[in-house]
$ cat final10.pdb   # PDB, N, CA and C atoms
ATOM      1  N   MET A   1      35.045 189.037 -93.112
ATOM      2  CA  MET A   1      34.888 189.611 -94.429
ATOM      3  C   MET A   1      36.130 190.444 -94.735
ATOM      4  N   THR A   2      36.681 190.242 -95.883
ATOM      5  CA  THR A   2      37.855 191.006 -96.278
ATOM      6  C   THR A   2      37.445 192.409 -96.711
ATOM      7  N   ARG A   3      38.423 193.268 -96.811
ATOM      8  CA  ARG A   3      38.159 194.635 -97.283
ATOM      9  C   ARG A   3      37.585 194.602 -98.695
ATOM     10  N   GLU A   4      38.124 193.737 -99.533
ATOM     11  CA  GLU A   4      37.645 193.621-100.912
ATOM     12  C   GLU A   4      36.183 193.172-100.954
ATOM     13  N   GLN A   5      35.835 192.218-100.109
ATOM     14  CA  GLN A   5      34.449 191.752-100.046
ATOM     15  C   GLN A   5      33.527 192.868 -99.547
ATOM     16  N   ALA A   6      33.987 193.581 -98.538
ATOM     17  CA  ALA A   6      33.188 194.689 -97.994
ATOM     18  C   ALA A   6      32.972 195.763 -99.052
ATOM     19  N   GLU A   7      34.007 196.086 -99.805
ATOM     20  CA  GLU A   7      33.864 197.088-100.863
ATOM     21  C   GLU A   7      32.872 196.621-101.918
ATOM     22  N   HIS A   8      32.902 195.331-102.258
ATOM     23  CA  HIS A   8      31.952 194.790-103.236
ATOM     24  C   HIS A   8      30.518 194.907-102.714
ATOM     25  N   VAL A   9      30.317 194.562-101.452
ATOM     26  CA  VAL A   9      28.986 194.657-100.853
ATOM     27  C   VAL A   9      28.501 196.106-100.879
ATOM     28  N   LEU A  10      29.359 197.025-100.478
ATOM     29  CA  LEU A  10      28.964 198.433-100.451
ATOM     30  C   LEU A  10      28.672 198.965-101.851
ATOM     31  N   GLU A  11      29.481 198.573-102.827
ATOM     32  CA  GLU A  11      29.236 198.997-104.209
ATOM     33  C   GLU A  11      27.895 198.485-104.710
ATOM     34  N   SER A  12      27.506 197.299-104.259
ATOM     35  CA  SER A  12      26.231 196.738-104.693
ATOM     36  C   SER A  12      25.039 197.470-104.074
ATOM     37  N   CYS A  13      25.295 198.320-103.102
ATOM     38  CA  CYS A  13      24.236 199.056-102.404
ATOM     39  C   CYS A  13      23.943 200.423-103.014
ATOM     40  N   VAL A  14      24.767 200.890-103.917
ATOM     41  CA  VAL A  14      24.675 202.283-104.355
ATOM     42  C   VAL A  14      23.280 202.640-104.865
ATOM     43  N   GLU A  15      22.710 201.856-105.762
ATOM     44  CA  GLU A  15      21.398 202.194-106.313
ATOM     45  C   GLU A  15      20.306 202.164-105.243
ATOM     46  N   ASP A  16      20.345 201.157-104.379
ATOM     47  CA  ASP A  16      19.348 201.087-103.305
ATOM     48  C   ASP A  16      19.508 202.253-102.335
ATOM     49  N   LEU A  17      20.752 202.593-102.007
ATOM     50  CA  LEU A  17      20.995 203.734-101.119
ATOM     51  C   LEU A  17      20.554 205.035-101.779
ATOM     52  N   ALA A  18      20.813 205.173-103.074
ATOM     53  CA  ALA A  18      20.385 206.372-103.798
ATOM     54  C   ALA A  18      18.864 206.489-103.790
ATOM     55  N   SER A  19      18.163 205.367-103.893
ATOM     56  CA  SER A  19      16.707 205.384-103.843
ATOM     57  C   SER A  19      16.210 205.837-102.470
ATOM     58  N   ILE A  20      16.831 205.327-101.416
ATOM     59  CA  ILE A  20      16.471 205.748-100.059
ATOM     60  C   ILE A  20      16.751 207.239 -99.889
ATOM     61  N   GLU A  21      17.891 207.683-100.375
ATOM     62  CA  GLU A  21      18.247 209.101-100.267
ATOM     63  C   GLU A  21      17.256 209.977-101.014
ATOM     64  N   HIS A  22      16.843 209.546-102.193
ATOM     65  CA  HIS A  22      15.868 210.331-102.951
ATOM     66  C   HIS A  22      14.544 210.423-102.181
ATOM     67  N   ALA A  23      14.096 209.321-101.612
ATOM     68  CA  ALA A  23      12.858 209.339-100.822
ATOM     69  C   ALA A  23      12.993 210.280 -99.631
ATOM     70  N   ARG A  24      14.169 210.262 -98.985
ATOM     71  CA  ARG A  24      14.409 211.155 -97.847
ATOM     72  C   ARG A  24      14.363 212.612 -98.299
ATOM     73  N   TRP A  25      15.028 212.895 -99.411
ATOM     74  CA  TRP A  25      15.056 214.264 -99.949
ATOM     75  C   TRP A  25      13.651 214.715-100.355
ATOM     76  N   ALA A  26      12.905 213.852-101.043
ATOM     77  CA  ALA A  26      11.554 214.201-101.484
ATOM     78  C   ALA A  26      10.649 214.492-100.282
ATOM     79  N   HIS A  27      10.785 213.688 -99.224
ATOM     80  CA  HIS A  27      10.009 213.925 -98.005
ATOM     81  C   HIS A  27      10.340 215.303 -97.426
ATOM     82  N   TRP A  28      11.621 215.632 -97.381
ATOM     83  CA  TRP A  28      12.037 216.945 -96.863
ATOM     84  C   TRP A  28      11.482 218.067 -97.730
ATOM     85  N   GLN A  29      11.534 217.915 -99.052
ATOM     86  CA  GLN A  29      11.028 218.954 -99.944
ATOM     87  C   GLN A  29       9.534 219.167 -99.751
ATOM     88  N   LYS A  30       8.773 218.083 -99.592
ATOM     89  CA  LYS A  30       7.331 218.219 -99.345
ATOM     90  C   LYS A  30       7.088 218.962 -98.035
ATOM     91  N   TYR A  31       7.869 218.624 -97.014
ATOM     92  CA  TYR A  31       7.753 219.309 -95.725
ATOM     93  C   TYR A  31       8.090 220.790 -95.880
ATOM     94  N   LEU A  32       9.224 221.060 -96.496
ATOM     95  CA  LEU A  32       9.693 222.434 -96.684
ATOM     96  C   LEU A  32       8.683 223.263 -97.468
ATOM     97  N   HIS A  33       8.220 222.714 -98.577
ATOM     98  CA  HIS A  33       7.259 223.452 -99.403
ATOM     99  C   HIS A  33       5.942 223.656 -98.660
ATOM    100  N   GLY A  34       5.593 222.717 -97.788
ATOM    101  CA  GLY A  34       4.376 222.864 -96.990
ATOM    102  C   GLY A  34       4.463 223.981 -95.960
ATOM    103  N   LYS A  35       5.680 224.388 -95.623
ATOM    104  CA  LYS A  35       5.878 225.469 -94.649
ATOM    105  C   LYS A  35       5.918 226.841 -95.322
ATOM    106  N   GLY A  36       6.033 226.849 -96.655
ATOM    107  CA  GLY A  36       6.158 228.109 -97.372
ATOM    108  C   GLY A  36       4.849 228.581 -97.968
ATOM    109  N   GLN A  37       4.918 229.782 -98.516
ATOM    110  CA  GLN A  37       3.761 230.377 -99.182
ATOM    111  C   GLN A  37       4.141 230.607-100.640
ATOM    112  N   ARG A  38       3.400 229.952-101.554
ATOM    113  CA  ARG A  38       3.673 230.071-102.984
ATOM    114  C   ARG A  38       3.343 231.486-103.439
ATOM    115  N   GLN A  39       4.271 232.088-104.161
ATOM    116  CA  GLN A  39       4.099 233.436-104.681
ATOM    117  C   GLN A  39       3.553 233.372-106.114
ATOM    118  N   ALA A  40       3.047 234.486-106.605
ATOM    119  CA  ALA A  40       2.450 234.543-107.948
ATOM    120  C   ALA A  40       3.436 234.126-109.032
ATOM    121  N   ASP A  41       4.724 234.398-108.816
ATOM    122  CA  ASP A  41       5.738 234.050-109.830
ATOM    123  C   ASP A  41       6.227 232.609-109.696
ATOM    124  N   GLY A  42       5.643 231.849-108.759
ATOM    125  CA  GLY A  42       6.027 230.461-108.566
ATOM    126  C   GLY A  42       7.080 230.243-107.490
ATOM    127  N   SER A  43       7.688 231.313-107.012
ATOM    128  CA  SER A  43       8.685 231.173-105.958
ATOM    129  C   SER A  43       7.994 230.828-104.641
ATOM    130  N   LEU A  44       8.783 230.455-103.665
ATOM    131  CA  LEU A  44       8.262 230.027-102.373
ATOM    132  C   LEU A  44       8.820 230.950-101.292
ATOM    133  N   LEU A  45       7.945 231.524-100.493
ATOM    134  CA  LEU A  45       8.344 232.404 -99.398
ATOM    135  C   LEU A  45       8.280 231.597 -98.103
ATOM    136  N   LEU A  46       9.433 231.504 -97.430
ATOM    137  CA  LEU A  46       9.514 230.748 -96.181
ATOM    138  C   LEU A  46       9.510 231.702 -95.000
ATOM    139  N   PRO A  47       8.861 231.316 -93.906
ATOM    140  CA  PRO A  47       8.865 232.162 -92.711
ATOM    141  C   PRO A  47      10.298 232.371 -92.199
ATOM    142  N   ALA A  48      10.620 233.588 -91.825
ATOM    143  CA  ALA A  48      11.971 233.945 -91.380
ATOM    144  C   ALA A  48      12.422 233.097 -90.200
ATOM    145  N   GLU A  49      11.504 232.778 -89.289
ATOM    146  CA  GLU A  49      11.913 232.006 -88.112
ATOM    147  C   GLU A  49      12.357 230.587 -88.501
ATOM    148  N   LEU A  50      11.736 230.015 -89.520
ATOM    149  CA  LEU A  50      12.168 228.693 -89.977
ATOM    150  C   LEU A  50      13.518 228.767 -90.679
ATOM    151  N   VAL A  51      13.699 229.803 -91.498
ATOM    152  CA  VAL A  51      14.987 229.986 -92.176
ATOM    153  C   VAL A  51      16.086 230.161 -91.136
ATOM    154  N   ASP A  52      15.848 230.987 -90.133
ATOM    155  CA  ASP A  52      16.825 231.181 -89.063
ATOM    156  C   ASP A  52      17.135 229.867 -88.349
ATOM    157  N   HIS A  53      16.089 229.092 -88.060
ATOM    158  CA  HIS A  53      16.252 227.807 -87.373
ATOM    159  C   HIS A  53      17.104 226.858 -88.208
ATOM    160  N   TRP A  54      16.780 226.711 -89.486
ATOM    161  CA  TRP A  54      17.507 225.772 -90.343
ATOM    162  C   TRP A  54      18.937 226.233 -90.610
ATOM    163  N   GLU A  55      19.138 227.541 -90.727
ATOM    164  CA  GLU A  55      20.497 228.049 -90.901
ATOM    165  C   GLU A  55      21.334 227.790 -89.658
ATOM    166  N   ARG A  56      20.737 227.955 -88.475
ATOM    167  CA  ARG A  56      21.455 227.655 -87.236
ATOM    168  C   ARG A  56      21.830 226.185 -87.191
ATOM    169  N   GLN A  57      20.883 225.318 -87.533
ATOM    170  CA  GLN A  57      21.180 223.884 -87.545
ATOM    171  C   GLN A  57      22.312 223.562 -88.519
ATOM    172  N   ALA A  58      22.296 224.182 -89.682
ATOM    173  CA  ALA A  58      23.321 223.908 -90.688
ATOM    174  C   ALA A  58      24.704 224.353 -90.217
ATOM    175  N   ARG A  59      24.757 225.386 -89.398
ATOM    176  CA  ARG A  59      26.040 225.886 -88.872
ATOM    177  C   ARG A  59      26.536 225.110 -87.660
ATOM    178  N   THR A  60      25.675 224.279 -87.094
ATOM    179  CA  THR A  60      25.975 223.616 -85.832
ATOM    180  C   THR A  60      26.546 222.221 -86.067
ATOM    181  N   ALA A  61      27.637 221.921 -85.409
ATOM    182  CA  ALA A  61      28.204 220.572 -85.470
ATOM    183  C   ALA A  61      27.232 219.594 -84.830
ATOM    184  N   TYR A  62      27.208 218.378 -85.315
ATOM    185  CA  TYR A  62      26.285 217.361 -84.786
ATOM    186  C   TYR A  62      26.382 217.264 -83.261
ATOM    187  N   GLU A  63      27.590 217.235 -82.752
ATOM    188  CA  GLU A  63      27.806 217.071 -81.316
ATOM    189  C   GLU A  63      27.158 218.179 -80.500
ATOM    190  N   GLU A  64      26.914 219.324 -81.110
ATOM    191  CA  GLU A  64      26.352 220.476 -80.403
ATOM    192  C   GLU A  64      24.843 220.620 -80.596
ATOM    193  N   LEU A  65      24.234 219.738 -81.370
ATOM    194  CA  LEU A  65      22.789 219.802 -81.574
ATOM    195  C   LEU A  65      22.046 219.396 -80.303
ATOM    196  N   SER A  66      20.785 219.776 -80.231
ATOM    197  CA  SER A  66      19.949 219.350 -79.105
ATOM    198  C   SER A  66      19.674 217.851 -79.226
ATOM    199  N   SER A  67      19.204 217.259 -78.154
ATOM    200  CA  SER A  67      18.854 215.836 -78.172
ATOM    201  C   SER A  67      17.810 215.535 -79.244
ATOM    202  N   GLU A  68      16.822 216.406 -79.385
ATOM    203  CA  GLU A  68      15.765 216.212 -80.372
ATOM    204  C   GLU A  68      16.322 216.294 -81.792
ATOM    205  N   GLU A  69      17.230 217.238 -82.031
ATOM    206  CA  GLU A  69      17.821 217.377 -83.368
ATOM    207  C   GLU A  69      18.695 216.172 -83.705
ATOM    208  N   LYS A  70      19.453 215.683 -82.721
ATOM    209  CA  LYS A  70      20.259 214.483 -82.937
ATOM    210  C   LYS A  70      19.365 213.289 -83.245
ATOM    211  N   GLN A  71      18.254 213.159 -82.521
ATOM    212  CA  GLN A  71      17.350 212.034 -82.757
ATOM    213  C   GLN A  71      16.764 212.096 -84.162
ATOM    214  N   SER A  72      16.465 213.280 -84.628
ATOM    215  CA  SER A  72      15.954 213.432 -85.994
ATOM    216  C   SER A  72      16.974 212.911 -87.007
ATOM    217  N   ASP A  73      18.243 213.230 -86.805
ATOM    218  CA  ASP A  73      19.292 212.723 -87.695
ATOM    219  C   ASP A  73      19.424 211.207 -87.580
ATOM    220  N   ARG A  74      19.344 210.676 -86.366
ATOM    221  CA  ARG A  74      19.407 209.218 -86.173
ATOM    222  C   ARG A  74      18.247 208.528 -86.877
ATOM    223  N   ASP A  75      17.063 209.126 -86.792
ATOM    224  CA  ASP A  75      15.891 208.548 -87.448
ATOM    225  C   ASP A  75      16.126 208.425 -88.956
ATOM    226  N   GLN A  76      16.784 209.424 -89.530
ATOM    227  CA  GLN A  76      17.080 209.369 -90.967
ATOM    228  C   GLN A  76      18.103 208.279 -91.278
ATOM    229  N   VAL A  77      19.143 208.175 -90.472
ATOM    230  CA  VAL A  77      20.168 207.146 -90.676
ATOM    231  C   VAL A  77      19.559 205.755 -90.556
ATOM    232  N   ASN A  78      18.621 205.588 -89.636
ATOM    233  CA  ASN A  78      18.002 204.281 -89.427
ATOM    234  C   ASN A  78      17.265 203.767 -90.665
ATOM    235  N   LYS A  79      16.931 204.650 -91.585
ATOM    236  CA  LYS A  79      16.280 204.226 -92.827
ATOM    237  C   LYS A  79      17.243 203.451 -93.732
ATOM    238  N   TYR A  80      18.528 203.654 -93.548
ATOM    239  CA  TYR A  80      19.544 202.989 -94.373
ATOM    240  C   TYR A  80      19.968 201.632 -93.801
ATOM    241  N   LEU A  81      19.821 201.452 -92.506
ATOM    242  CA  LEU A  81      20.371 200.279 -91.841
ATOM    243  C   LEU A  81      19.787 198.942 -92.293
ATOM    244  N   PRO A  82      18.472 198.822 -92.537
ATOM    245  CA  PRO A  82      17.976 197.513 -92.991
ATOM    246  C   PRO A  82      18.619 197.050 -94.303
ATOM    247  N   LEU A  83      18.816 197.961 -95.223
ATOM    248  CA  LEU A  83      19.474 197.598 -96.480
ATOM    249  C   LEU A  83      20.911 197.144 -96.232
ATOM    250  N   LEU A  84      21.646 197.903 -95.431
ATOM    251  CA  LEU A  84      23.026 197.539 -95.159
ATOM    252  C   LEU A  84      23.122 196.201 -94.431
ATOM    253  N   ALA A  85      22.242 195.965 -93.473
ATOM    254  CA  ALA A  85      22.241 194.696 -92.750
ATOM    255  C   ALA A  85      21.964 193.534 -93.701
ATOM    256  N   ARG A  86      20.984 193.733 -94.592
ATOM    257  CA  ARG A  86      20.637 192.686 -95.557
ATOM    258  C   ARG A  86      21.831 192.394 -96.479
ATOM    259  N   LYS A  87      22.446 193.440 -97.005
ATOM    260  CA  LYS A  87      23.571 193.262 -97.920
ATOM    261  C   LYS A  87      24.753 192.593 -97.225
ATOM    262  N   LEU A  88      25.021 192.995 -96.001
ATOM    263  CA  LEU A  88      26.157 192.410 -95.279
ATOM    264  C   LEU A  88      25.898 190.938 -94.921
ATOM    265  N   SER A  89      24.647 190.599 -94.643
ATOM    266  CA  SER A  89      24.351 189.206 -94.320
ATOM    267  C   SER A  89      24.414 188.322 -95.576
ATOM    268  N   GLU A  90      24.189 188.925 -96.751
ATOM    269  CA  GLU A  90      24.321 188.197 -98.005
ATOM    270  C   GLU A  90      25.788 187.925 -98.323
ATOM    271  N   GLY A  91      26.629 188.877 -97.806
ATOM    272  CA  GLY A  91      28.079 188.821 -97.913
ATOM    273  C   GLY A  91      28.595 188.310 -99.171
TER     274      GLY A  91
END

$ encode --input "final10.pdb" --output "structure tokens"
Amino acid sequence: MTREQAEHVLESCVEDLASIEHARWAHWQKYLHGKGQRQADGSLLLPAELVDHWERQARTAYEELSSEEKQSDRDQVNKYLPLLARKLSEG
């Protein structure tokens, strides 16, 4: 496959990839909101230990994450692979 062909295949994936990304984001938001406590003004109060945990993860390079944290990231990436495999085989 030439570079031009590969770029065409990848460009054809944008909407499908965006849909997968939105589903991933929505799942995270449901999880996040489920960990918080809704306040009277509509805001969400998150437990300090979770905020500390997520801030630490955000500051940490992938290579330095725990095995479990790396696997969580791999699990998310694996959601994209069937689409990419299908598109590349269509070539």

$ residues_around --input "final10.pdb" --residues "stretch 47-55 of chain A" --least-positions-apart "2" --cutoff "6 Å" --atoms "only N, CA and C atoms" --output "number ranges by chain"
A: 35-36, 45, 57-59

$ atom_distance --input "final10.pdb" --atom1 "atom CA of A:His8" --atom2 "atom N of A:His22"
21.1 Å

$ resolve_selection --input "final10.pdb" --expression "the PyMOL selection byres (((chain A and resi 12 and name CA) around 12) and name CA)" --output "list of chain:residue names"
A:Gln5, A:Ala6, A:Glu7, A:His8, A:Val9, A:Leu10, A:Glu11, A:Cys13, A:Val14, A:Glu15, A:Asp16, A:Leu17, A:Ala18, A:Leu83, A:Leu84, A:Arg86, A:Lys87, A:Leu88, A:Glu90, A:Gly91

$ select_by_dssp --input "final10.pdb" --residues "chain A" --states "alpha helix (DSSP H)" --output "MDAnalysis selection string"
chainID A and resid 3:11 14:35 48:59 67:77 81:90

$ select_by_dssp --input "final10.pdb" --residues "stretch 2-87 of chain A" --states "strand (DSSP E or B)" --output "number ranges by chain"
A: 37-38, 44-45

$ atom_distance --input "final10.pdb" --atom1 "atom N of A:Tyr31" --atom2 "atom C of A:Arg74"
17.7 Å

$ atom_distance --input "final10.pdb" --atom1 "atom N of A:Thr2" --atom2 "atom C of A:Ser19"
26.6 Å

$ axis_aligned_box --input "final10.pdb" --around "stretch 28-45 of chain A" --padding-each-side "8 Å" --output "lines of an AutoDock Vina configuration file"
center_x = 7.2
center_y = 225.1
center_z = -102.2
size_x = 25.6
size_y = 34.9
size_z = 31.2
